[in-house]
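What follows is my_file_35.cif (mmCIF, C-alpha atoms).
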data_start
#
loop_
_atom_site.label_atom_id
_atom_site.label_comp_id
_atom_site.auth_asym_id
_atom_site.auth_seq_id
_atom_site.Cartn_x
_atom_site.Cartn_y
_atom_site.Cartn_z
CA MET Y 1 -23.65 37.71 3.00
CA ALA Y 2 -21.16 36.80 5.75
CA ARG Y 3 -18.30 36.31 3.27
CA ARG Y 4 -19.07 39.64 1.61
CA TRP Y 5 -18.89 41.33 5.05
CA VAL Y 6 -15.47 39.87 5.80
CA VAL Y 7 -13.87 41.42 2.72
CA ALA Y 8 -15.58 44.77 3.23
CA ALA Y 9 -14.87 44.90 6.95
CA SER Y 10 -11.21 44.10 6.44
CA VAL Y 11 -10.89 47.02 4.06
CA VAL Y 12 -12.91 49.45 6.18
CA GLY Y 13 -11.11 48.46 9.37
CA VAL Y 14 -7.70 49.43 8.00
CA ALA Y 15 -8.69 52.08 5.46
CA ALA Y 16 -7.53 55.03 7.54
CA LEU Y 17 -4.36 53.24 8.58
CA VAL Y 18 -3.46 52.20 5.03
CA ALA Y 19 -4.15 55.67 3.67
CA GLY Y 20 -2.31 57.42 6.48
CA THR Y 21 0.83 56.91 8.52
CA ALA Y 22 2.38 53.51 7.97
CA PRO Y 23 2.74 51.47 11.17
CA ALA Y 24 6.45 51.13 10.41
CA ALA Y 25 6.76 54.80 11.33
CA VAL Y 26 5.00 54.47 14.69
CA ALA Y 27 7.35 54.23 17.65
CA GLY Y 28 7.08 52.82 21.18
CA ASP Y 29 4.39 50.58 22.60
CA ARG Y 30 1.92 51.75 19.95
CA GLY Y 31 3.93 50.18 17.14
CA PRO Y 32 3.20 46.83 15.42
CA LYS Y 33 3.29 43.92 17.84
CA VAL Y 34 2.68 40.16 17.67
CA VAL Y 35 -0.23 39.49 20.02
CA GLY Y 36 -0.62 35.78 19.36
CA THR Y 37 0.86 32.80 17.54
CA ALA Y 38 -0.69 29.46 16.64
CA THR Y 39 1.25 26.44 15.37
CA LEU Y 40 0.04 23.54 13.23
CA PRO Y 41 0.54 20.27 15.13
CA ASP Y 42 2.14 17.21 13.55
CA ILE Y 43 -0.36 15.53 11.22
CA SER Y 44 0.71 12.53 9.14
CA LEU Y 45 0.71 13.54 5.49
CA GLY Y 46 -0.36 10.06 4.46
CA LYS Y 47 -3.35 10.00 6.79
CA PHE Y 48 -4.34 13.52 5.76
CA SER Y 49 -4.09 12.79 2.03
CA ASN Y 50 -5.82 9.40 2.16
CA SER Y 51 -8.70 10.87 4.16
CA LEU Y 52 -9.35 13.16 1.19
CA ILE Y 53 -8.54 10.77 -1.67
CA ARG Y 54 -8.35 7.13 -0.67
CA GLY Y 55 -5.13 5.39 -1.66
CA SER Y 56 -3.46 8.53 -2.98
CA VAL Y 57 -0.35 8.14 -0.78
CA ASP Y 58 1.19 4.73 -0.08
CA ASN Y 59 4.33 6.01 1.66
CA ASP Y 60 4.58 9.51 3.11
CA ARG Y 61 8.20 8.95 4.22
CA LYS Y 62 7.20 10.30 7.64
CA VAL Y 63 6.45 13.74 6.23
CA ASP Y 64 3.83 15.75 8.14
CA LEU Y 65 1.23 18.07 6.67
CA GLY Y 66 2.82 21.40 5.86
CA GLY Y 67 3.01 23.97 3.12
CA ILE Y 68 -0.44 25.35 3.99
CA GLY Y 69 1.16 28.74 4.54
CA SER Y 70 1.30 29.34 0.79
CA ASP Y 71 -1.49 31.87 1.37
CA ILE Y 72 -4.28 32.79 3.77
CA PHE Y 73 -7.76 34.29 3.37
CA PRO Y 74 -10.37 35.13 6.05
CA ALA Y 75 -13.09 32.44 6.22
CA GLY Y 76 -15.90 34.49 7.77
CA ARG Y 77 -15.72 33.60 11.44
CA SER Y 78 -13.27 35.05 13.91
CA GLY Y 79 -10.05 33.07 13.94
CA GLU Y 80 -10.93 30.96 10.89
CA PHE Y 81 -9.03 31.10 7.59
CA TRP Y 82 -8.78 29.40 4.23
CA THR Y 83 -5.25 28.35 3.33
CA VAL Y 84 -3.78 26.40 0.43
CA THR Y 85 -0.87 23.99 0.09
CA ASP Y 86 1.62 24.21 -2.72
CA ARG Y 87 2.53 21.23 -4.93
CA GLY Y 88 3.66 19.21 -1.93
CA PRO Y 89 6.99 18.10 -0.45
CA ASN Y 90 9.78 18.77 -2.93
CA GLY Y 91 13.48 19.45 -2.92
CA GLN Y 92 16.63 19.43 -5.01
CA ILE Y 93 19.50 16.96 -5.20
CA LYS Y 94 22.51 17.53 -7.41
CA ILE Y 95 23.40 14.59 -9.68
CA ASP Y 96 26.35 14.97 -12.09
CA ASP Y 97 26.43 18.71 -11.28
CA VAL Y 98 22.77 19.16 -12.29
CA ASN Y 99 19.99 19.81 -9.77
CA ARG Y 100 17.09 17.38 -9.98
CA ARG Y 101 13.66 18.30 -8.58
CA THR Y 102 12.49 15.61 -6.15
CA PHE Y 103 8.90 14.70 -5.23
CA PRO Y 104 9.23 12.31 -2.27
CA VAL Y 105 5.45 11.89 -1.97
CA PRO Y 106 4.36 11.99 -5.64
CA GLY Y 107 0.78 10.96 -4.85
CA PHE Y 108 0.18 14.07 -2.76
CA ASP Y 109 -2.66 16.21 -4.06
CA PRO Y 110 -2.70 19.98 -3.38
CA ALA Y 111 -5.52 20.94 -1.05
CA ILE Y 112 -7.49 23.89 0.23
CA VAL Y 113 -7.31 23.72 4.02
CA LYS Y 114 -9.55 25.57 6.46
CA VAL Y 115 -7.91 26.27 9.80
CA LYS Y 116 -8.97 27.76 13.12
CA VAL Y 117 -6.85 29.49 15.72
CA ASP Y 118 -7.40 27.59 18.97
CA GLY Y 119 -5.14 29.24 21.53
CA LYS Y 120 -1.60 28.38 20.51
CA LYS Y 121 -2.76 25.60 18.20
CA LEU Y 122 -3.72 25.91 14.53
CA GLN Y 123 -6.53 23.41 14.11
CA VAL Y 124 -7.51 21.90 10.73
CA ILE Y 125 -11.32 22.02 10.57
CA ASP Y 126 -11.88 21.27 6.88
CA ALA Y 127 -9.93 20.25 3.79
CA ILE Y 128 -10.84 20.13 0.11
CA PRO Y 129 -8.70 18.20 -2.41
CA ILE Y 130 -8.16 19.91 -5.76
CA THR Y 131 -9.41 17.61 -8.51
CA THR Y 132 -9.91 17.39 -12.26
CA ARG Y 133 -13.20 17.53 -14.11
CA HIS Y 134 -13.71 13.80 -13.45
CA GLY Y 135 -12.73 13.95 -9.78
CA LYS Y 136 -9.15 12.69 -10.11
CA PRO Y 137 -6.37 14.32 -8.07
CA VAL Y 138 -4.50 17.00 -10.01
CA THR Y 139 -1.27 16.15 -8.10
CA GLY Y 140 1.61 18.59 -7.83
CA LEU Y 141 3.75 17.03 -10.55
CA SER Y 142 5.33 19.02 -13.38
CA ASN Y 143 3.24 19.64 -16.51
CA GLN Y 144 5.58 19.83 -19.51
CA GLU Y 145 9.02 18.38 -20.16
CA SER Y 146 9.90 21.36 -22.33
CA ARG Y 147 9.12 24.02 -19.70
CA ASP Y 148 9.16 22.56 -16.19
CA GLU Y 149 11.68 20.81 -13.99
CA LEU Y 150 11.61 17.07 -14.58
CA PRO Y 151 10.25 15.19 -11.55
CA TYR Y 152 12.27 12.58 -9.65
CA ASN Y 153 11.70 10.36 -6.63
CA PHE Y 154 12.92 11.17 -3.10
CA ASP Y 155 16.62 10.44 -3.73
CA ALA Y 156 16.65 11.66 -7.36
CA SER Y 157 17.50 8.19 -8.64
CA THR Y 158 14.30 7.56 -10.63
CA ARG Y 159 12.40 9.74 -13.09
CA LEU Y 160 8.70 10.18 -12.42
CA GLY Y 161 6.07 10.87 -15.03
CA ILE Y 162 4.83 14.35 -15.79
CA ASN Y 163 1.16 15.27 -15.32
CA PRO Y 164 -0.54 18.00 -17.39
CA ASN Y 165 -3.12 18.36 -14.60
CA GLY Y 166 -0.44 19.14 -12.00
CA LEU Y 167 -0.66 22.42 -10.10
CA ASP Y 168 1.83 24.27 -7.94
CA THR Y 169 -0.87 26.24 -6.15
CA GLU Y 170 -0.07 29.37 -4.19
CA GLY Y 171 -2.43 32.37 -3.64
CA ILE Y 172 -6.06 31.83 -2.61
CA VAL Y 173 -9.23 33.92 -2.33
CA ARG Y 174 -12.84 32.86 -1.91
CA ALA Y 175 -15.50 34.52 -4.05
CA ASN Y 176 -18.97 35.46 -2.85
CA ASP Y 177 -20.44 32.48 -4.74
CA GLY Y 178 -18.35 30.05 -2.66
CA THR Y 179 -15.88 29.16 -5.41
CA PHE Y 180 -12.15 29.66 -5.01
CA TRP Y 181 -9.54 31.38 -7.13
CA LEU Y 182 -5.95 30.18 -6.95
CA VAL Y 183 -2.72 31.03 -8.73
CA ASP Y 184 -0.13 28.53 -9.92
CA GLU Y 185 3.59 28.73 -10.58
CA TYR Y 186 3.92 26.23 -13.43
CA SER Y 187 2.33 27.92 -16.42
CA PRO Y 188 1.98 30.46 -14.70
CA SER Y 189 -1.79 30.33 -14.38
CA LEU Y 190 -4.94 31.56 -12.68
CA VAL Y 191 -7.18 28.68 -11.58
CA HIS Y 192 -10.91 28.77 -10.84
CA VAL Y 193 -12.01 26.00 -8.48
CA SER Y 194 -15.50 24.98 -7.37
CA SER Y 195 -16.53 24.95 -3.72
CA ARG Y 196 -15.79 21.19 -3.76
CA GLY Y 197 -12.32 21.59 -5.27
CA GLN Y 198 -13.00 20.72 -8.91
CA VAL Y 199 -10.99 22.79 -11.39
CA LEU Y 200 -13.50 24.77 -13.46
CA ALA Y 201 -10.94 26.59 -15.62
CA ARG Y 202 -7.24 27.28 -15.83
CA TYR Y 203 -6.17 30.55 -17.50
CA VAL Y 204 -2.68 30.31 -18.99
CA PRO Y 205 -0.42 32.36 -21.30
CA LYS Y 206 -1.14 32.33 -25.02
CA GLY Y 207 0.94 29.70 -26.81
CA LEU Y 208 1.44 27.40 -23.79
CA ASN Y 209 -0.02 24.47 -25.72
CA LEU Y 210 -0.73 22.32 -22.68
CA LYS Y 211 -2.11 18.99 -23.88
CA GLY Y 212 -3.97 16.30 -21.96
CA ALA Y 213 -5.40 18.25 -19.02
CA ASP Y 214 -8.72 16.99 -17.67
CA TYR Y 215 -10.22 20.45 -17.24
CA PRO Y 216 -10.67 23.52 -19.49
CA VAL Y 217 -7.40 25.30 -20.30
CA ILE Y 218 -7.91 28.85 -21.60
CA GLU Y 219 -4.98 30.61 -23.30
CA SER Y 220 -5.75 34.24 -22.48
CA LEU Y 221 -2.78 35.68 -20.58
CA PRO Y 222 -0.03 37.62 -22.41
CA ALA Y 223 2.38 35.27 -24.19
CA ILE Y 224 5.34 37.06 -22.65
CA PHE Y 225 4.53 35.27 -19.37
CA LEU Y 226 5.82 32.09 -21.02
CA THR Y 227 9.26 33.46 -20.15
CA ARG Y 228 8.59 33.12 -16.41
CA LYS Y 229 11.52 31.89 -14.38
CA ILE Y 230 11.23 28.17 -13.54
CA ASN Y 231 9.51 27.71 -10.17
CA ARG Y 232 8.75 31.45 -10.01
CA GLY Y 233 5.33 31.88 -11.63
CA PHE Y 234 2.31 33.54 -9.98
CA GLU Y 235 2.41 33.47 -6.18
CA GLY Y 236 0.36 36.39 -4.85
CA LEU Y 237 -3.40 36.84 -5.31
CA ALA Y 238 -5.75 39.54 -3.98
CA GLN Y 239 -9.49 40.09 -4.33
CA LEU Y 240 -10.54 43.74 -4.55
CA PRO Y 241 -13.85 44.76 -2.90
CA GLY Y 242 -15.50 45.01 -6.33
CA GLY Y 243 -14.56 41.41 -7.13
CA ASP Y 244 -11.59 41.92 -9.47
CA LEU Y 245 -8.50 39.79 -8.87
CA VAL Y 246 -4.90 41.02 -8.77
CA LEU Y 247 -2.16 38.47 -9.54
CA ALA Y 248 1.50 38.95 -8.70
CA LEU Y 249 4.38 37.39 -10.62
CA GLN Y 250 6.78 36.08 -7.99
CA SER Y 251 9.98 37.13 -9.80
CA PRO Y 252 10.98 39.07 -12.90
CA LEU Y 253 10.51 37.29 -16.23
CA SER Y 254 13.58 35.75 -17.87
CA ASN Y 255 13.14 38.28 -20.64
CA PRO Y 256 15.03 38.24 -22.88
CA THR Y 257 17.41 35.91 -21.00
CA LYS Y 258 17.77 34.13 -17.68
CA LYS Y 259 20.75 36.37 -16.84
CA VAL Y 260 18.65 39.51 -17.32
CA GLY Y 261 15.85 38.11 -15.18
CA GLU Y 262 18.19 37.09 -12.34
CA ALA Y 263 19.54 40.64 -12.07
CA SER Y 264 16.24 42.45 -12.62
CA LEU Y 265 14.14 44.31 -10.04
CA ASN Y 266 11.20 44.62 -12.44
CA THR Y 267 8.24 42.28 -12.10
CA ARG Y 268 4.53 42.48 -13.04
CA LEU Y 269 1.00 42.44 -11.65
CA LEU Y 270 -2.11 41.45 -13.60
CA ARG Y 271 -5.75 42.41 -13.06
CA PHE Y 272 -8.50 39.94 -13.95
CA SER Y 273 -12.26 40.42 -14.01
CA PRO Y 274 -14.12 37.20 -13.04
CA HIS Y 275 -17.34 38.85 -14.24
CA ARG Y 276 -15.90 39.43 -17.72
CA GLY Y 277 -13.69 36.35 -17.68
CA LYS Y 278 -10.63 38.18 -18.90
CA LEU Y 279 -7.65 40.37 -18.04
CA THR Y 280 -8.37 44.09 -17.80
CA ALA Y 281 -4.96 45.54 -16.87
CA GLU Y 282 -1.28 44.84 -16.33
CA TYR Y 283 1.06 46.84 -14.12
CA ALA Y 284 4.82 47.26 -13.84
CA TYR Y 285 6.09 46.75 -10.29
CA GLN Y 286 9.64 47.33 -9.09
CA PHE Y 287 11.32 45.71 -6.08
CA ASP Y 288 13.50 47.65 -3.69
CA PRO Y 289 17.17 46.60 -3.86
CA VAL Y 290 17.71 43.26 -2.14
CA GLY Y 291 19.90 44.83 0.55
CA VAL Y 292 17.04 47.13 1.51
CA VAL Y 293 14.52 44.29 1.80
CA ASP Y 294 17.02 42.01 3.55
CA PRO Y 295 20.21 43.69 4.84
CA GLY Y 296 21.86 40.27 5.10
CA GLU Y 297 21.36 39.36 1.43
CA ASP Y 298 23.20 40.49 -1.70
CA ASP Y 299 21.68 38.16 -4.34
CA THR Y 300 18.97 40.05 -6.26
CA SER Y 301 17.45 36.78 -7.52
CA GLU Y 302 16.37 35.99 -3.94
CA LEU Y 303 13.69 38.70 -4.11
CA LYS Y 304 10.11 37.46 -4.43
CA ILE Y 305 6.52 38.64 -4.18
CA SER Y 306 4.69 35.99 -2.18
CA SER Y 307 1.50 37.72 -1.10
CA ILE Y 308 -0.72 40.63 -2.01
CA VAL Y 309 -3.84 41.67 -0.16
CA ALA Y 310 -6.60 44.18 -0.89
CA ALA Y 311 -6.54 47.28 1.31
CA GLY Y 312 -9.08 49.46 -0.50
CA PRO Y 313 -11.08 49.69 -3.75
CA GLU Y 314 -7.90 50.19 -5.81
CA THR Y 315 -5.20 49.65 -3.18
CA VAL Y 316 -3.14 46.55 -2.42
CA LEU Y 317 -0.36 45.70 -0.04
CA VAL Y 318 2.49 43.86 -1.77
CA GLU Y 319 4.87 41.65 0.17
CA GLU Y 320 8.47 41.84 -0.99
CA ARG Y 321 10.57 39.14 0.66
CA THR Y 322 13.52 36.83 0.79
CA ASP Y 323 13.45 33.64 2.85
CA ASN Y 324 14.62 35.62 5.89
CA ALA Y 325 12.99 39.03 5.54
CA ALA Y 326 9.74 40.65 4.42
CA ARG Y 327 8.26 44.12 3.92
CA LEU Y 328 4.79 45.26 2.87
CA GLN Y 329 4.43 48.04 0.30
CA ARG Y 330 1.25 50.06 -0.30
CA VAL Y 331 0.34 50.44 -3.98
CA VAL Y 332 -2.57 52.18 -5.70
CA LEU Y 333 -3.62 50.66 -9.05
CA ARG Y 334 -4.18 53.59 -11.38
CA PRO Y 335 -5.32 53.43 -15.04
CA SER Y 336 -2.25 55.46 -16.01
CA GLY Y 337 -0.10 52.50 -14.98
CA ASP Y 338 -1.77 49.98 -17.29
CA ILE Y 339 0.72 48.38 -19.74
CA LEU Y 340 -1.51 45.53 -20.98
CA GLY Y 341 -1.05 45.06 -24.74
CA SER Y 342 1.74 47.64 -24.88
CA LYS Y 343 5.21 47.15 -26.34
CA TRP Y 344 6.29 45.88 -22.92
CA ASP Y 345 4.24 42.74 -23.63
CA ASP Y 346 6.19 42.12 -26.83
CA VAL Y 347 9.24 39.85 -26.48
CA ALA Y 348 10.79 41.67 -29.46
CA THR Y 349 10.99 44.96 -27.52
CA THR Y 350 14.59 45.96 -26.88
CA PRO Y 351 15.57 46.70 -24.21
CA SER Y 352 12.90 44.73 -22.39
CA TYR Y 353 11.15 46.12 -19.32
CA GLU Y 354 13.01 43.52 -17.26
CA ALA Y 355 16.32 44.90 -18.52
CA ASP Y 356 15.47 48.60 -18.28
CA ALA Y 357 12.42 50.28 -16.72
CA THR Y 358 13.16 53.66 -18.31
CA GLY Y 359 9.94 55.12 -19.71
CA VAL Y 360 7.76 52.41 -18.15
CA PRO Y 361 4.94 53.69 -15.86
CA VAL Y 362 6.09 51.72 -12.81
CA LEU Y 363 3.59 51.74 -9.94
CA LYS Y 364 4.42 54.12 -7.11
CA LYS Y 365 4.68 52.49 -3.72
CA GLU Y 366 5.04 53.43 -0.08
CA LEU Y 367 6.39 51.31 2.75
CA PHE Y 368 3.48 50.14 4.91
CA LEU Y 369 5.21 47.73 7.30
CA ASP Y 370 8.71 46.36 7.70
CA LEU Y 371 7.99 42.90 9.09
CA ASN Y 372 11.67 42.53 9.94
CA THR Y 373 11.08 44.96 12.82
CA VAL Y 374 8.15 43.00 14.29
CA LYS Y 375 9.53 40.75 17.02
CA GLY Y 376 8.10 37.24 16.84
CA ALA Y 377 7.02 37.32 13.19
CA PRO Y 378 7.92 34.05 11.39
CA LYS Y 379 10.42 33.73 8.56
CA LYS Y 380 9.44 32.90 4.97
CA ILE Y 381 6.04 34.56 5.20
CA GLU Y 382 3.91 33.64 2.17
CA GLY Y 383 0.40 34.49 3.40
CA VAL Y 384 -0.92 37.86 4.58
CA ALA Y 385 -4.47 38.86 5.55
CA LEU Y 386 -5.95 42.12 6.82
CA LEU Y 387 -8.61 41.96 9.51
CA PRO Y 388 -10.80 44.58 11.22
CA HIS Y 389 -9.49 46.62 14.14
CA ASP Y 390 -6.06 47.33 12.63
CA THR Y 391 -5.00 43.69 12.69
CA LEU Y 392 -2.73 41.79 10.33
CA VAL Y 393 -2.35 38.01 10.13
CA VAL Y 394 0.68 36.33 8.54
CA ILE Y 395 1.55 32.68 7.98
CA ASN Y 396 4.77 31.00 6.85
CA ASP Y 397 5.50 28.21 4.40
CA ASN Y 398 7.47 25.54 6.26
CA ASP Y 399 8.14 23.52 3.07
CA PHE Y 400 6.73 20.37 4.75
CA GLY Y 401 9.91 20.25 6.84
CA MET Y 402 11.94 19.58 3.69
CA THR Y 403 15.49 20.65 2.98
CA ASP Y 404 17.59 20.25 -0.16
CA GLY Y 405 20.32 17.68 -0.72
CA PRO Y 406 20.67 13.93 -0.07
CA ALA Y 407 20.72 14.47 3.72
CA ALA Y 408 17.02 15.37 3.63
CA PHE Y 409 16.22 11.66 4.05
CA ASP Y 410 17.78 9.00 6.28
CA ALA Y 411 19.04 5.56 5.29
CA GLU Y 412 15.49 4.17 5.45
CA GLY Y 413 14.21 6.86 3.10
CA ASN Y 414 12.35 8.81 5.79
CA LEU Y 415 12.42 12.57 6.18
CA VAL Y 416 14.94 14.23 8.43
CA ASP Y 417 12.59 17.03 9.45
CA SER Y 418 13.92 20.59 9.46
CA GLY Y 419 12.00 21.33 12.64
CA ILE Y 420 10.38 24.42 11.10
CA GLU Y 421 6.67 24.53 11.95
CA THR Y 422 3.75 26.21 10.22
CA THR Y 423 3.00 29.27 12.35
CA LEU Y 424 0.23 31.84 12.10
CA ALA Y 425 1.01 35.15 13.80
CA THR Y 426 -1.52 37.85 14.65
CA ILE Y 427 -0.08 41.36 14.56
CA ARG Y 428 -1.71 44.42 16.09
CA LEU Y 429 -0.74 47.31 13.85
CA ARG Y 430 -1.37 50.06 16.43
#

Can you dump the structure from the file as structure tokens?
Amino acid sequence: MARRWVVAASVVGVAALVAGTAPAAVAGDRGPKVVGTATLPDISLGKFSNSLIRGSVDNDRKVDLGGIGSDIFPAGRSGEFWTVTDRGPNGQIKIDDVNRRTFPVPGFDPAIVKVKVDGKKLQVIDAIPITTRHGKPVTGLSNQESRDELPYNFDASTRLGINPNGLDTEGIVRANDGTFWLVDEYSPSLVHVSSRGQVLARYVPKGLNLKGADYPVIESLPAIFLTRKINRGFEGLAQLPGGDLVLALQSPLSNPTKKVGEASLNTRLLRFSPHRGKLTAEYAYQFDPVGVVDPGEDDTSELKISSIVAAGPETVLVEERTDNAARLQRVVLRPSGDILGSKWDDVATTPSYEADATGVPVLKKELFLDLNTVKGAPKKIEGVALLPHDTLVVINDNDFGMTDGPAAFDAEGNLVDSGIETTLATIRLR
């Protein structure tokens, strides 16, 4: 009952605000304001991981727990939230003019982490490792050689093995029955997880042909999602008051080519019914030009959707961002915008939706909040939650303190930390 109240109260508490004047338009002292920040203290990644799965990490290379800002969801008590890590510390090092994806702590297992705001400190009060049907860690390693970046060790000198169980987890919501729903960037996929972290089912695009996973893999998403950009699968996930889930594709599909996808502003949302166990709708969503989202950026491929959050029975807030800027758009999901099973799901359609949105029923949107104007909001926001009393909570992904390139690690193979911390900010909207 308490969890049901949290979702309903969040929607009711901001219903008038979401439906009315956006806080971005409110001037003076009554405008959006950060009223509190809480930072995750340094926690050894090895100690954290081994407390969940004994012996999973033998050398954490002095990396601290991070990445929990991949998403955030209210946990039922004031100041408490469910968060989720991504696949773990990773970076890129160029070898012979080709970028290699590094996994400096390959034994790391993605985890659901419950946190509590304790003054200026973000306290970890619970953690659940994500495991296979037989209780083994899923890990964050790449799934398929043909579709994913090949994994390498910390200095990109040694190839690591792939793992069909691996998940690059992002969005998180908790259902009324205590189970969790997550989204993943690899397939891309929607993942149902038990209250203890066991993967119950992974919903993937038709034709993925993932072999060897130790949990049920269900090919039920449109096959066109197989053209997702590498490392840009599903990232946002919202739970509507009625229980339906809304998934956001982080970036436009590489459809029909990578070049088209890099230049495109056209991405997609999916609607999934847990009760029916299947997709019920698909929507066309269009980014604002990159210079509008981030006046300091001119590369369209830097645009991403990292979070979506329910703000009414059929309304969501969609976060458009770059690494340095973020804005929330209000969108109403109308039946007239449903493109599921249409020609826009056919890779043979020319021009593709990604190349040209002419004639496509793109969702209408309205700016709700320009987070760039909120002093004290963190950069690289990947988690957003609405709370009662016109309050918004955001959290950043600090990438475990990782940076790209060989300078990310010292001569002893230990991390040279970026100094970026995981920070949760509470924003009063009025």

Residue members of the PyMOL selection byres ((chain Y and resi 309) around 12) in the file shown, as a count of residues only
51

Could you tell me which residues the PyMOL selection byres ((chain Y and resi 327) around 6) grabs in this file, written as a ChimeraX atom specification?
/Y:319-320,326,328,369-371

To verify the selection step, state as a ChimeraX atom specification which residues the PyMOL selection byres ((chain Y and resi 263-274) around 8) yields on this input.
/Y:243-253,259-262,275-289,300-301,353-355,357

Taking all atoms of range 351-367 of chain Y that appear in the file, build a box with edges along x, y and z, extend it by 8 Å on every side, and state its centre and edge lengths in Å to one decimal, as JSON.
{"center_x": 10.0, "center_y": 49.3, "center_z": -10.7, "size_x": 28.7, "size_y": 27.6, "size_z": 43.0}

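Every protein or nucleic acid residue with an atom no more than 6 Å from Leu424 in chain Y, counting only C-alpha atoms and leaving out same-chain residues fewer than 5 positions away, appears here: Thr37, Ala38, Val394 and Ile395 of chain Y.
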
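Using only C-alpha atoms, the shortest contact distance between Asp417 in chain Y and any of Y:Lys379, Y:Lys94, Y:Lys62, Y:Lys33 is found at Y:Lys62.
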
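Using all atoms listed in the file, the smallest distance between any of Y:Thr39, Y:Val84, Y:Gly91, Y:Pro129 and Lys114 in chain Y comes from Y:Val84.
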
Y:Pro335, Y:Asp126, Y:Trp82, Y:Tyr186: which is nearest Gln144 in chain Y, counting only C-alpha atoms?
Y:Tyr186

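Taking CA of Asp58 in chain Y and CA of Pro104 in chain Y as endpoints, the distance between them is 11.3 Å.
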
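Note that the spacing between CA of Leu340 in chain Y and CA of Leu221 in chain Y amounts to 9.9 Å.
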
Of the candidates Y:Asp177, Y:Gly376, Y:Gly419, Y:Ala75, which one gets nearest to Val34 in chain Y if we count all atoms listed in the file?
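Distance minimum relative to Val34 in chain Y lands on Y:Gly376.
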
If I take CA of Trp181 in chain Y and CA of Arg87 in chain Y, how far is one from the other in Å, to one decimal?
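CA of Arg87 in chain Y lies 15.9 Å from CA of Trp181 in chain Y.
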
Residues within 10 Å of (12.7, 28.0, -10.7), counting all atoms listed in the file, listed as a ChimeraX atom specification
/Y:101,148-149,185-186,228-233,251

For Pro110 in chain Y, which of Y:Leu45, Y:Ala377, Y:Val292, Y:Ile125 is the closest residue, counting all atoms listed in the file?
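Looking only at the distances to Pro110 in chain Y, the closest residue turns out to be Y:Leu45.
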
Pick from Y:Gly178, Y:Gly135, Y:Gly46, Y:Gly341, whichever lies nearest to Pro106 in chain Y using all atoms listed in the file
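Of the candidates, the smallest distance to Pro106 in chain Y is held by Y:Gly46.
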
Report as a tab-separated table: every residue of range 124-162 of chain Y with an atom at most 12 Å from range 191-194 of chain Y, its closest pair of atoms, and their distance in Å to one decimal, counting all atoms listed in the file, with rows sorted by chain and ascending residue number.
residue	atom	partner	partner_atom	distance
Y:Ile128	CA	Y:Ser194	CA	10.1
Y:Pro129	CA	Y:Val193	CA	10.4
Y:Ile130	CA	Y:Val193	CA	7.7
Y:Thr131	CA	Y:Val193	CA	8.8
Y:Thr132	CA	Y:Val193	CA	9.6
Y:Arg133	CA	Y:Val193	CA	10.2
Y:Gly135	CA	Y:Ser194	CA	11.6
Y:Val138	CA	Y:Val193	CA	11.8

Can you rebuild range 334-344 of chain Y with N, CA and C atoms and give it as a CSV table (one decimal), in the frame of the given file?
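Saved the output as selection.csv:
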chain,number,residue,atom,x,y,z
Y,334,ARG,N,-3.6,52.5,-10.6
Y,334,ARG,CA,-4.2,53.6,-11.4
Y,334,ARG,C,-4.2,53.2,-12.9
Y,335,PRO,N,-5.2,53.7,-13.6
Y,335,PRO,CA,-5.3,53.4,-15.0
Y,335,PRO,C,-4.1,53.9,-15.8
Y,336,SER,N,-3.4,54.9,-15.3
Y,336,SER,CA,-2.2,55.5,-16.0
Y,336,SER,C,-1.1,54.5,-16.0
Y,337,GLY,N,-1.2,53.5,-15.1
Y,337,GLY,CA,-0.1,52.5,-15.0
Y,337,GLY,C,-0.3,51.2,-15.8
Y,338,ASP,N,-1.4,51.2,-16.5
Y,338,ASP,CA,-1.8,50.0,-17.3
Y,338,ASP,C,-0.9,49.8,-18.5
Y,339,ILE,N,-0.2,48.7,-18.6
Y,339,ILE,CA,0.7,48.4,-19.7
Y,339,ILE,C,0.2,47.2,-20.5
Y,340,LEU,N,-1.0,46.7,-20.3
Y,340,LEU,CA,-1.5,45.5,-21.0
Y,340,LEU,C,-1.6,45.8,-22.5
Y,341,GLY,N,-1.0,44.9,-23.3
Y,341,GLY,CA,-1.0,45.1,-24.7
Y,341,GLY,C,-0.1,46.1,-25.3
Y,342,SER,N,0.8,46.7,-24.4
Y,342,SER,CA,1.7,47.6,-24.9
Y,342,SER,C,3.0,46.9,-25.4
Y,343,LYS,N,4.0,47.7,-25.8
Y,343,LYS,CA,5.2,47.2,-26.3
Y,343,LYS,C,5.9,46.3,-25.3
Y,344,TRP,N,5.6,46.6,-24.0
Y,344,TRP,CA,6.3,45.9,-22.9
Y,344,TRP,C,5.8,44.4,-22.8
